[in-house]
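Structure record follows, encoded as structure tokens.
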Amino acid sequence: IMKRVLNSKWILAVLLVIVSGATGYAQSLKDFFNDKGQSLTYLGIDYYLNRLINDPGGNTTDIKNRLYAAMNEVVINEMPKNYDVAGAFNRGGTVNTDIAAVSARNEKVDSKNIASSNDADFSRLSEADIAAEIKALDIKSKDGIGLVFVMEGMKKEEKKSYGSVWVVLVDMKSKKVLLAERMEQEAAGFGFRNFWVSIIKKSLVEIEKKKYKAWRSKYGS
């Protein structure tokens, strides 16, 4: 009987830990959307899973070694004028920026995996894939909520080209994904860098105009 009681207490203790942990994560997101004073750290654009689709002329070595970094840098350098992360997420002022972990992850990209001729690669990722990618980022030393754009696909077409990207809010300390939503945008601009990083610019505009309000209604109430 004593052994059964001890087992029951152990099971109860485990359940309490699980429930309290889940409540904590939900509360973090709720607090974030209800309190614009809560800080946000912009972590950058993660290209590790990205595929460049139907662009046989794309120099994948240059994309990996130079252009991925260039696209991340342009977002940082042109905040908030062209990439208003603070405005999109209603932070009321500035956001913290730290793209070191994402930059390190992008350096591990195998350039042989960038190019694709398979249209299905444009929408191949799941929430589980995104969670696994966030786990691979070295962000455990940080506190608070971080924002990562996980690029999924950049699909080149004759008339219009599109990008698919996941907008991810993460509890950095635990690497727990709090929100992951996939978005598609039409690419525009001159030169590879400006053309494809426009996906991030347009995503931020959509978040500010529409998505943030919907997220706040869903997660903040």
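Lettering and numbering for the structure tokens are positional, with chains as A, B, ... in the shown order, residues counted from 1 in each chain, and ligands counted from 1 in the shown order.
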*Every residue of region 117-206 of chain A that DSSP places in helix (DSSP H, G or I), as a PyMOL selection string*: chain A and resi 119-123+127-135+191-206
*asked:* Which residues are near region 66-78 of chain A? Cut-off 8 Å, only C-alpha atoms, ignore same chain within fewer than 5 positions. Put them as a list in words.
replied: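 Counting only the stated atoms, we get Gly44, Ile45, Tyr47, Tyr83, Thr97, Ile99, Ser103, Asn106, Phe192, Arg193, Asn194 and Val197 of chain A.
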Hey, can you spit out that residue selection with N, CA, C and O atoms as a PDB file, in the first residue's frame?
```pdb
ATOM      1  N   GLY A  44      16.668  37.528 -35.986  1.00  0.00           N
ATOM      2  CA  GLY A  44      17.118  37.446 -37.369  1.00  0.00           C
ATOM      3  C   GLY A  44      16.348  36.464 -38.237  1.00  0.00           C
ATOM      4  O   GLY A  44      15.328  35.898 -37.834  1.00  0.00           O
ATOM      5  N   ILE A  45      16.875  36.274 -39.445  1.00  0.00           N
ATOM      6  CA  ILE A  45      16.262  35.387 -40.446  1.00  0.00           C
ATOM      7  C   ILE A  45      17.067  34.098 -40.510  1.00  0.00           C
ATOM      8  O   ILE A  45      18.255  34.111 -40.859  1.00  0.00           O
ATOM      9  N   TYR A  47      17.946  30.841 -42.299  1.00  0.00           N
ATOM     10  CA  TYR A  47      17.867  30.287 -43.653  1.00  0.00           C
ATOM     11  C   TYR A  47      18.274  28.817 -43.715  1.00  0.00           C
ATOM     12  O   TYR A  47      18.408  28.261 -44.811  1.00  0.00           O
ATOM     13  N   TYR A  83      12.091  48.291 -41.815  1.00  0.00           N
ATOM     14  CA  TYR A  83      11.790  47.023 -41.126  1.00  0.00           C
ATOM     15  C   TYR A  83      11.414  47.364 -39.685  1.00  0.00           C
ATOM     16  O   TYR A  83      12.253  47.316 -38.789  1.00  0.00           O
ATOM     17  N   THR A  97      18.182  43.642 -30.491  1.00  0.00           N
ATOM     18  CA  THR A  97      18.585  42.865 -31.661  1.00  0.00           C
ATOM     19  C   THR A  97      19.823  42.037 -31.320  1.00  0.00           C
ATOM     20  O   THR A  97      20.765  42.537 -30.702  1.00  0.00           O
ATOM     21  N   ILE A  99      21.532  38.870 -33.610  1.00  0.00           N
ATOM     22  CA  ILE A  99      21.412  37.866 -34.675  1.00  0.00           C
ATOM     23  C   ILE A  99      22.570  36.868 -34.658  1.00  0.00           C
ATOM     24  O   ILE A  99      22.745  36.107 -35.614  1.00  0.00           O
ATOM     25  N   SER A 103      22.942  33.769 -37.211  1.00  0.00           N
ATOM     26  CA  SER A 103      24.079  33.872 -38.141  1.00  0.00           C
ATOM     27  C   SER A 103      24.954  32.621 -38.073  1.00  0.00           C
ATOM     28  O   SER A 103      25.394  32.101 -39.105  1.00  0.00           O
ATOM     29  N   ASN A 106      23.147  29.860 -39.865  1.00  0.00           N
ATOM     30  CA  ASN A 106      23.183  30.024 -41.320  1.00  0.00           C
ATOM     31  C   ASN A 106      24.541  29.631 -41.904  1.00  0.00           C
ATOM     32  O   ASN A 106      24.626  29.184 -43.045  1.00  0.00           O
ATOM     33  N   PHE A 192      19.373  40.320 -55.979  1.00  0.00           N
ATOM     34  CA  PHE A 192      18.962  39.152 -55.183  1.00  0.00           C
ATOM     35  C   PHE A 192      18.643  39.533 -53.744  1.00  0.00           C
ATOM     36  O   PHE A 192      17.609  39.137 -53.197  1.00  0.00           O
ATOM     37  N   ARG A 193      19.520  40.302 -53.100  1.00  0.00           N
ATOM     38  CA  ARG A 193      19.320  40.658 -51.691  1.00  0.00           C
ATOM     39  C   ARG A 193      18.006  41.387 -51.466  1.00  0.00           C
ATOM     40  O   ARG A 193      17.176  40.972 -50.649  1.00  0.00           O
ATOM     41  N   ASN A 194      17.806  42.476 -52.174  1.00  0.00           N
ATOM     42  CA  ASN A 194      16.603  43.288 -51.977  1.00  0.00           C
ATOM     43  C   ASN A 194      15.336  42.558 -52.396  1.00  0.00           C
ATOM     44  O   ASN A 194      14.284  42.720 -51.774  1.00  0.00           O
ATOM     45  N   VAL A 197      14.686  39.725 -49.565  1.00  0.00           N
ATOM     46  CA  VAL A 197      14.471  40.213 -48.197  1.00  0.00           C
ATOM     47  C   VAL A 197      13.178  41.025 -48.120  1.00  0.00           C
ATOM     48  O   VAL A 197      12.668  41.288 -47.028  1.00  0.00           O
TER      49      VAL A 197
END
```
Per residue of region 12-127 of chain A within 9 Å of region 162-166 of chain A, note the shortest atom pair and the distance in Å to one decimal, counting only C-alpha atoms, and order the rows by chain and increasing residue number, as CSV.
```
residue,atom,partner,partner_atom,distance
A:Asn50,CA,A:Val165,CA,8.9
A:Phe122,CA,A:Ser164,CA,6.6
A:Ser123,CA,A:Ser164,CA,7.3
```
*Residues of region 102-199 of chain A in strand (DSSP E) according to DSSP, as a PyMOL selection string?*
chain A and resi 115-116+145-155+162-171+176-186
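Here CA of Lys209 (chain A) and CA of Asp84 (chain A) stand 11.9 Å from one another.
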*Selection: 12 Å around region 181-190 of chain A, only C-alpha atoms, excl. self and same-chain fewer than 5 positions, as a PyMOL selection string*: chain A and resi 122-127+130-131+147-157+159-169+195-207+211-212+214-215
Output file for the selection above: N, CA and C atoms, as a compact mmCIF listing (two decimals), in the first residue's frame:
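So again11.txt came out as:
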```
# COMPACT_ATOMS: atom_id res chain seq x y z
N PHE A 122 8.18 24.46 -51.38
CA PHE A 122 7.72 25.78 -50.96
C PHE A 122 6.86 25.71 -49.71
N SER A 123 6.21 24.58 -49.50
CA SER A 123 5.30 24.45 -48.34
C SER A 123 5.49 23.08 -47.67
N ARG A 124 6.73 22.70 -47.44
CA ARG A 124 7.00 21.36 -46.94
C ARG A 124 7.15 21.30 -45.43
N LEU A 125 7.34 22.43 -44.75
CA LEU A 125 7.65 22.42 -43.32
C LEU A 125 6.39 22.36 -42.44
N SER A 126 6.55 21.74 -41.28
CA SER A 126 5.47 21.65 -40.29
C SER A 126 5.88 22.40 -39.04
N GLU A 127 4.97 22.54 -38.10
CA GLU A 127 5.29 23.18 -36.83
C GLU A 127 6.37 22.39 -36.08
N ILE A 130 9.69 23.43 -37.39
CA ILE A 130 10.06 24.75 -36.88
C ILE A 130 10.56 24.63 -35.44
N ALA A 131 9.87 23.83 -34.64
CA ALA A 131 10.29 23.63 -33.24
C ALA A 131 11.69 23.02 -33.18
N LEU A 147 12.10 36.88 -31.47
CA LEU A 147 11.42 36.77 -32.76
C LEU A 147 12.39 36.24 -33.80
N VAL A 148 12.01 35.16 -34.45
CA VAL A 148 12.82 34.57 -35.53
C VAL A 148 11.96 34.43 -36.78
N PHE A 149 12.50 34.80 -37.93
CA PHE A 149 11.85 34.49 -39.20
C PHE A 149 12.56 33.25 -39.76
N VAL A 150 11.86 32.14 -39.86
CA VAL A 150 12.43 30.92 -40.43
C VAL A 150 11.99 30.83 -41.89
N MET A 151 12.94 31.06 -42.78
CA MET A 151 12.62 31.06 -44.21
C MET A 151 12.43 29.62 -44.69
N GLU A 152 11.33 29.39 -45.41
CA GLU A 152 11.01 28.05 -45.90
C GLU A 152 11.35 27.90 -47.38
N GLY A 153 10.86 28.83 -48.19
CA GLY A 153 11.09 28.72 -49.63
C GLY A 153 11.10 30.06 -50.33
N MET A 154 11.91 30.15 -51.39
CA MET A 154 11.93 31.33 -52.25
C MET A 154 11.72 30.80 -53.67
N LYS A 155 10.50 30.98 -54.16
CA LYS A 155 10.10 30.33 -55.42
C LYS A 155 10.11 31.34 -56.57
N LYS A 156 11.00 31.10 -57.51
CA LYS A 156 11.14 31.98 -58.66
C LYS A 156 10.16 31.57 -59.75
N GLU A 157 9.41 32.56 -60.27
CA GLU A 157 8.49 32.29 -61.38
C GLU A 157 8.67 33.38 -62.43
N LYS A 159 6.55 35.48 -63.98
CA LYS A 159 5.89 36.78 -63.80
C LYS A 159 5.97 37.26 -62.35
N LYS A 160 5.68 36.39 -61.41
CA LYS A 160 5.71 36.76 -60.00
C LYS A 160 6.44 35.68 -59.21
N SER A 161 7.20 36.13 -58.24
CA SER A 161 7.94 35.19 -57.39
C SER A 161 7.48 35.37 -55.95
N TYR A 162 7.56 34.28 -55.18
CA TYR A 162 6.99 34.31 -53.83
C TYR A 162 7.96 33.71 -52.81
N GLY A 163 7.80 34.17 -51.58
CA GLY A 163 8.55 33.61 -50.47
C GLY A 163 7.60 33.07 -49.42
N SER A 164 7.98 31.98 -48.78
CA SER A 164 7.21 31.45 -47.65
C SER A 164 8.11 31.50 -46.42
N VAL A 165 7.57 32.03 -45.34
CA VAL A 165 8.36 32.25 -44.13
C VAL A 165 7.50 31.99 -42.90
N TRP A 166 8.12 31.47 -41.87
CA TRP A 166 7.44 31.24 -40.59
C TRP A 166 7.83 32.35 -39.62
N VAL A 167 6.81 32.98 -39.05
CA VAL A 167 7.03 33.99 -38.01
C VAL A 167 6.97 33.25 -36.67
N VAL A 168 8.05 33.32 -35.91
CA VAL A 168 8.16 32.51 -34.69
C VAL A 168 8.48 33.39 -33.49
N LEU A 169 7.65 33.28 -32.45
CA LEU A 169 7.95 33.87 -31.16
C LEU A 169 8.37 32.74 -30.23
N PHE A 195 15.46 41.76 -53.46
CA PHE A 195 14.30 41.03 -53.98
C PHE A 195 13.75 40.07 -52.94
N TRP A 196 14.63 39.27 -52.34
CA TRP A 196 14.14 38.24 -51.44
C TRP A 196 13.94 38.71 -50.00
N VAL A 197 14.69 39.73 -49.56
CA VAL A 197 14.47 40.21 -48.20
C VAL A 197 13.18 41.02 -48.12
N SER A 198 12.62 41.39 -49.27
CA SER A 198 11.32 42.09 -49.27
C SER A 198 10.23 41.22 -48.64
N ILE A 199 10.43 39.90 -48.61
CA ILE A 199 9.47 39.00 -47.97
C ILE A 199 9.33 39.35 -46.49
N ILE A 200 10.45 39.69 -45.85
CA ILE A 200 10.44 40.05 -44.44
C ILE A 200 9.76 41.40 -44.25
N LYS A 201 10.09 42.34 -45.11
CA LYS A 201 9.48 43.68 -45.03
C LYS A 201 7.95 43.58 -45.16
N LYS A 202 7.49 42.82 -46.14
CA LYS A 202 6.04 42.70 -46.36
C LYS A 202 5.36 41.92 -45.23
N SER A 203 6.08 40.96 -44.65
CA SER A 203 5.52 40.22 -43.53
C SER A 203 5.33 41.13 -42.32
N LEU A 204 6.29 42.00 -42.07
CA LEU A 204 6.18 42.94 -40.95
C LEU A 204 5.01 43.90 -41.15
N VAL A 205 4.81 44.34 -42.39
CA VAL A 205 3.68 45.22 -42.70
C VAL A 205 2.36 44.48 -42.45
N GLU A 206 2.28 43.23 -42.88
CA GLU A 206 1.05 42.46 -42.67
C GLU A 206 0.79 42.21 -41.19
N ILE A 207 1.86 41.96 -40.44
CA ILE A 207 1.71 41.77 -38.99
C ILE A 207 1.15 43.03 -38.34
N LYS A 211 -2.17 40.95 -38.61
CA LYS A 211 -1.89 39.74 -37.82
C LYS A 211 -1.79 40.01 -36.31
N TYR A 212 -1.12 41.11 -35.95
CA TYR A 212 -0.91 41.35 -34.52
C TYR A 212 -2.24 41.44 -33.77
N ALA A 214 -5.05 40.06 -34.58
CA ALA A 214 -5.65 38.72 -34.51
C ALA A 214 -4.94 37.88 -33.46
N TRP A 215 -3.61 37.98 -33.40
CA TRP A 215 -2.85 37.22 -32.39
C TRP A 215 -3.18 37.69 -30.98
```
*Please indicate the distance in Å from CA of Glu133 (chain A) to CA of Ala180 (chain A), rounded to one decimal place.*
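Computing the Euclidean distance for CA of Glu133 (chain A) and CA of Ala180 (chain A) yields 11.8 Å.
Nearest residue to Leu43 (chain A) among A:Asp129, A:Lys142, A:Ala101, A:Lys173 is A:Ala101, counting only C-alpha atoms.
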*Excluding same-chain residues fewer than 6 positions from Ser111 (chain A), what lies within 10 Å of it counting only C-alpha atoms, as a PyMOL selection string?*
chain A and resi 48+59-65
Can those selected residues be exported to a file as a tab-separated table (two decimals), in the first residue's frame so that it contains N, CA, C and O atoms?
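Output below, filename again16.tsv:
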```
chain	number	residue	atom	x	y	z
A	48	TYR	N	18.46	28.19	-42.58
A	48	TYR	CA	19.00	26.83	-42.58
A	48	TYR	C	18.13	25.85	-43.37
A	48	TYR	O	18.64	24.94	-44.04
A	59	ASN	N	23.50	31.34	-57.67
A	59	ASN	CA	24.83	30.90	-57.21
A	59	ASN	C	24.72	30.52	-55.74
A	59	ASN	O	24.79	31.37	-54.85
A	60	THR	N	24.54	29.23	-55.48
A	60	THR	CA	24.25	28.79	-54.11
A	60	THR	C	25.43	29.00	-53.15
A	60	THR	O	25.23	29.23	-51.96
A	61	THR	N	26.64	28.95	-53.67
A	61	THR	CA	27.81	29.21	-52.82
A	61	THR	C	27.81	30.66	-52.35
A	61	THR	O	28.05	30.95	-51.17
A	62	ASP	N	27.53	31.58	-53.26
A	62	ASP	CA	27.47	33.00	-52.92
A	62	ASP	C	26.28	33.29	-51.99
A	62	ASP	O	26.39	34.12	-51.09
A	63	ILE	N	25.18	32.60	-52.22
A	63	ILE	CA	23.99	32.78	-51.37
A	63	ILE	C	24.33	32.39	-49.93
A	63	ILE	O	24.04	33.13	-48.99
A	64	LYS	N	24.97	31.25	-49.76
A	64	LYS	CA	25.33	30.76	-48.43
A	64	LYS	C	26.39	31.65	-47.78
A	64	LYS	O	26.30	32.04	-46.61
A	65	ASN	N	27.46	31.97	-48.53
A	65	ASN	CA	28.61	32.66	-47.96
A	65	ASN	C	28.44	34.16	-47.79
A	65	ASN	O	29.07	34.77	-46.94
```
Neighbours of Ala115 (chain A) within 7 Å (only C-alpha atoms; same-chain residues fewer than 3 positions away dropped), as a JSON list (two decimals) with N, CA, C and O atoms, in the first residue's frame?
```json
[["chain", "number", "residue", "atom", "x", "y", "z"],
["A", 51, "ARG", "N", 14.82, 26.80, -49.17],
["A", 51, "ARG", "CA", 15.07, 26.26, -50.51],
["A", 51, "ARG", "C", 14.81, 27.36, -51.55],
["A", 51, "ARG", "O", 13.79, 28.04, -51.50],
["A", 52, "LEU", "N", 15.75, 27.51, -52.47],
["A", 52, "LEU", "CA", 15.58, 28.41, -53.61],
["A", 52, "LEU", "C", 15.04, 27.57, -54.76],
["A", 52, "LEU", "O", 15.74, 26.71, -55.29],
["A", 53, "ILE", "N", 13.80, 27.83, -55.13],
["A", 53, "ILE", "CA", 13.07, 26.93, -56.04],
["A", 53, "ILE", "C", 12.97, 27.51, -57.45],
["A", 53, "ILE", "O", 12.61, 28.67, -57.64],
["A", 60, "THR", "N", 24.54, 29.23, -55.48],
["A", 60, "THR", "CA", 24.25, 28.79, -54.11],
["A", 60, "THR", "C", 25.43, 29.00, -53.15],
["A", 60, "THR", "O", 25.23, 29.23, -51.96],
["A", 112, "LYS", "N", 24.84, 22.89, -51.15],
["A", 112, "LYS", "CA", 24.27, 21.91, -52.09],
["A", 112, "LYS", "C", 22.79, 21.68, -51.86],
["A", 112, "LYS", "O", 22.09, 21.16, -52.73]]
```
